[in-house]
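Engineer: Here's a structure for you.
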Amino acid sequence: MALDNTAFSSCPESLSLPVPEKGEEPVEEAPKDAPPTDVQTASEELGNVVTTETAPPTQPSSNNKMTFQAKMAAREAQANQPQKKVQGSGQEWSKFGWARNKRKRQRYVEKNGRCNVQHGNMRETYRYLTDIFTTLVDLNWRCSLFVFVMAYAVTWLFFGAIWYLIAYCRGDLDHLEDDAWTPCVNNVNGFISAFLFSIETETTIGYGYRVITDQCPVGTMLLLLQAILGSMVNAFMVGCMFVKISQPNKRAETLVFSRNAVISLRDDKLCLMFRVGDLRSSHIVGANMRAKLIKSKQTQEGEFIPLDQTDISVGFETGDDRLFLVSPLVISHEIDVRSPFWDMSHAQLEKEDFEVVVILEGMVEATGMTCQARSSYLAEELLWGHRFSPMMTLAEGFFDVDYGAFHHTFEVDTPSCSARELALVAARLDAHLYWSISSRLDEEKWEDPNVTEPTGKSTDSESIREGDRPTFTVGGVTHTQDQSVVGEQNGSVATDQSESEA
């Protein structure tokens, strides 16, 4: 039976799977005419909504020669194939084999050390004015330069206007050409000249052309006031600029952290390691390293704590957190029972969502100010089974550090289990070795005739039967041993045999 073109217009040429918004129930759109049987079967197998759109007829291609059921079978086969995970690709594969962007986690601390936190809805803004000096120092350079210029310009204009007002009220501007008139300030004939006199007074330039006379006591008091306030403005603004310029924040730019952290074995124990270095020849005095785990958690009472901070030991008990940072160092955190990574394996690490913040504090040798450098590592930035490449070589008379290999790592053999499982395996091996050695010693003790010899002597007071308690003579002294002790020793041999069979 021949089919007209209207029947094919309702058949979908491509499968579209829209994602319904929250609160909406997916509704299957069905055409008025009954769809073919194969289309209904494919939609029931997928369990998703299949929407059809009427499109103008297009040029037939090679893919259109395949049936719709064959297309769906090929697409499902492609989706079921294992996809290789590419590190740093930023994409993950969906159920049907289509690539979609992977959700990027928001950092709490950026790689350059900037804290990604913004404070909002602060109503008590007057508290910033109580500490105006720190407020001005914390401003960015654009605002700081604007405040610096405006502080001088406003004081100059303010006192210039007062000098002009004094000249206007005394009538000095009306007697400019009168030689017998003594003005308050010589050669002040307008606002511009009064403004210039204010600048010369506050900056103590003193060209000598515009001078105050002794016939104006109000001008004398204003001169003293401007000199005092001008000195205070100079001290305040110059102090702010000096502190801002000498801030140790820029010193932290030369303290570098490795791009990735690694997890590998060190002395048969899993360790989390990262590298830190100082690019300057002037050292950081009293360098101290700290680390924090930033991860949201929920307590047993149901309280949700966002971005909970947990200490990560980097050698506080042993003093390894105090660094002599002359050359790049690898900071190590041993994953033990107190570590938050105790139960974390390689497979679980790929599913976790956390951030490790590392903080380096110390005193700048040149200025004596305290400096702090920060960085962070996300879960995908922790490389399991890697180790840092060496970067120090011995040259003639000195040690050469190659910072080109600062971020380089290489793969090493590392178990993919957690530190807890690794400790359990090590404990079982130690226990098996202990029982094996003790059983061998017991066998040698029972089989050596020189150490233990049975004796048949007995006294009237001590009648001992040979079947109940064996008697041994060691060094001329007769000792008896209970059957329970013998059973325990034989039990050790049996335990060793059961352990070996297991």
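By order in the structure tokens, chains are A, B, ...; within a chain, residues start at 1; ligands start at 1, following the order shown.
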Counting only C-alpha atoms, what are the residues of range 290-378 of chain A within 9 Å of range 267-270 of chain A, and for each of them which pair of atoms is the nearest and at what distance in Å, to one decimal? Sort the table by chain and rising number, as CSV.

Structural biologist:
```
residue,atom,partner,partner_atom,distance
A:His333,CA,A:Leu270,CA,8.7
A:Glu334,CA,A:Leu270,CA,6.4
A:Ile335,CA,A:Leu270,CA,5.7
A:Asp336,CA,A:Leu270,CA,8.2
```

Engineer: Once DSSP has gone over the backbone, tell me which residues of range 274-330 of chain A are in strand (DSSP E), as a VMD selection string.

Structural biologist: chain A and resid 274 to 278 284 to 298 304 to 311 322 to 323 329 to 330

Engineer: Which residue, A:Pro415, A:Gly368, A:Gly120, A:Pro328, has the smallest gap to Met392 in chain A when you use only C-alpha atoms?

Structural biologist: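 For Met392 in chain A, the nearest of the given residues is A:Pro328.
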
Engineer: Rank nothing, just name the residue among A:Thr393, A:Cys271, A:Asn288, A:Ala252 nearest to Asp320 in chain A, using only C-alpha atoms.

Structural biologist: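 Once distances to Asp320 in chain A are computed over only C-alpha atoms, the minimum belongs to A:Asn288.
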
Engineer: If you count only C-alpha atoms, which residues fall within 9 Å of range 219-226 of chain A, apart from same-chain ones fewer than 4 positions away, as a list in words?

Structural biologist: Thr155, Phe159, Ile162, Trp163, Ile166, Cys184, Val185, Ser198, Thr201, Glu202, Ile212, Thr213, Asp214, Gln215, Gly230 and Ser231 of chain A

Engineer: For range 104-113 of chain A, list every protein, DNA or RNA residue within 8 Å, evaluated using only C-alpha atoms, and leave out those in the same chain fewer than 4 positions away; present the list as a PyMOL selection string.

Structural biologist: chain A and resi 117+294+353+355+357+373-378

Engineer: Go ahead and save the residues from that selection, with C-alpha atoms, as a tab-separated table (two decimals), in the first residue's frame.

Structural biologist:
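As a result, part13.tsv now contains:
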```tsv
chain	number	residue	atom	x	y	z
A	117	VAL	CA	33.67	36.06	49.34
A	294	ILE	CA	36.75	23.29	53.13
A	353	ASP	CA	33.44	17.89	46.31
A	355	GLU	CA	38.68	22.26	48.58
A	357	VAL	CA	43.30	25.69	51.27
A	373	ALA	CA	50.38	33.66	50.77
A	374	ARG	CA	47.36	31.48	49.99
A	375	SER	CA	46.29	28.97	47.38
A	376	SER	CA	43.78	26.14	47.04
A	377	TYR	CA	43.29	22.76	45.40
A	378	LEU	CA	39.98	21.32	44.28
```

Engineer: So that I can see what lies close to Ala235 in chain A, please list as a list of chain:residue names the residues with an atom at most 12 Å from it, counting only C-alpha atoms and leaving out residues fewer than 5 positions away in the same chain.

Structural biologist: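 Final neighbour list, sorted by chain and number: A:Phe133, A:Phe148, A:Ala151, A:Tyr152, A:Ile228, A:Leu229, A:Gly230, A:Cys240, A:Met241, A:Phe242, A:Val243.
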
Engineer: Could those selected residues go to a file with N, CA, C and O atoms, as a tab-separated table (two decimals), in the first residue's frame?

Structural biologist:
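The new file part_18.tsv reads:
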```tsv
chain	number	residue	atom	x	y	z
A	133	PHE	N	41.57	55.05	58.84
A	133	PHE	CA	42.91	54.80	58.30
A	133	PHE	C	42.96	53.44	57.59
A	133	PHE	O	43.45	53.33	56.46
A	148	PHE	N	43.49	60.89	47.76
A	148	PHE	CA	44.72	61.64	48.01
A	148	PHE	C	44.68	63.01	47.33
A	148	PHE	O	45.01	64.04	47.94
A	151	ALA	N	41.87	65.29	48.91
A	151	ALA	CA	42.17	65.80	50.25
A	151	ALA	C	42.96	67.10	50.17
A	151	ALA	O	42.66	68.07	50.90
A	152	TYR	N	43.93	67.15	49.29
A	152	TYR	CA	44.71	68.39	49.14
A	152	TYR	C	43.92	69.47	48.40
A	152	TYR	O	43.97	70.65	48.77
A	228	ILE	N	48.62	74.32	60.72
A	228	ILE	CA	48.45	73.12	61.55
A	228	ILE	C	47.65	72.04	60.82
A	228	ILE	O	48.04	70.87	60.77
A	229	LEU	N	46.51	72.45	60.22
A	229	LEU	CA	45.70	71.47	59.49
A	229	LEU	C	46.43	70.92	58.27
A	229	LEU	O	46.27	69.73	57.93
A	230	GLY	N	47.21	71.75	57.62
A	230	GLY	CA	47.98	71.27	56.47
A	230	GLY	C	49.00	70.22	56.87
A	230	GLY	O	49.19	69.21	56.15
A	240	CYS	N	49.15	57.05	54.81
A	240	CYS	CA	48.31	56.07	54.12
A	240	CYS	C	48.98	55.55	52.86
A	240	CYS	O	48.98	54.33	52.59
A	241	MET	N	49.55	56.44	52.08
A	241	MET	CA	50.21	56.02	50.85
A	241	MET	C	51.45	55.17	51.13
A	241	MET	O	51.73	54.21	50.42
A	242	PHE	N	52.18	55.53	52.19
A	242	PHE	CA	53.38	54.74	52.52
A	242	PHE	C	53.01	53.32	52.94
A	242	PHE	O	53.63	52.35	52.52
A	243	VAL	N	51.98	53.21	53.79
A	243	VAL	CA	51.56	51.87	54.24
A	243	VAL	C	51.02	51.07	53.07
A	243	VAL	O	51.27	49.86	52.95
```

Engineer: Determine the nearest neighbour of Val154 in chain A from the options A:Leu360, A:Leu139, A:Ile199, A:Val337, counting only C-alpha atoms.

Structural biologist: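 So, comparing all the options, the nearest one is A:Ile199.
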
Engineer: Just list as a list in words whatever in range 294-366 of chain A DSSP marks as helix (DSSP H, G or I).

Structural biologist: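 Those residues are His346, Ala347, Gln348 and Leu349 of chain A.
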
Engineer: Can I get the selection written as an mmCIF file, in the first residue's frame, with C-alpha atoms?

Structural biologist:
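Done, and the output landed in out_31.cif:
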```cif
data_model
loop_
_atom_site.group_PDB
_atom_site.id
_atom_site.type_symbol
_atom_site.label_atom_id
_atom_site.label_comp_id
_atom_site.auth_asym_id
_atom_site.auth_seq_id
_atom_site.Cartn_x
_atom_site.Cartn_y
_atom_site.Cartn_z
ATOM 1 C CA HIS A 346 40.897 6.815 44.450
ATOM 2 C CA ALA A 347 37.383 6.072 43.205
ATOM 3 C CA GLN A 348 35.793 8.105 45.973
ATOM 4 C CA LEU A 349 38.145 11.040 45.346
#
```

Engineer: What is the distance, in Å and to one decimal place, between CA of Ala379 in chain A and CA of Phe316 in chain A?

Structural biologist: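 If I compute the distance from CA of Ala379 in chain A to CA of Phe316 in chain A, I get 23.7 Å.
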
Engineer: CA of Glu352 in chain A and CA of Thr318 in chain A are how many Å apart?

Structural biologist: 29.5 Å

Engineer: So that I can check the surroundings of Lys244 in chain A, please list as a ChimeraX atom specification every protein, DNA and RNA residue that reaches within 9 Å of it, counting only C-alpha atoms and ignoring chain neighbours fewer than 3 positions away.

Structural biologist: /A:136-138,141,239-241,247
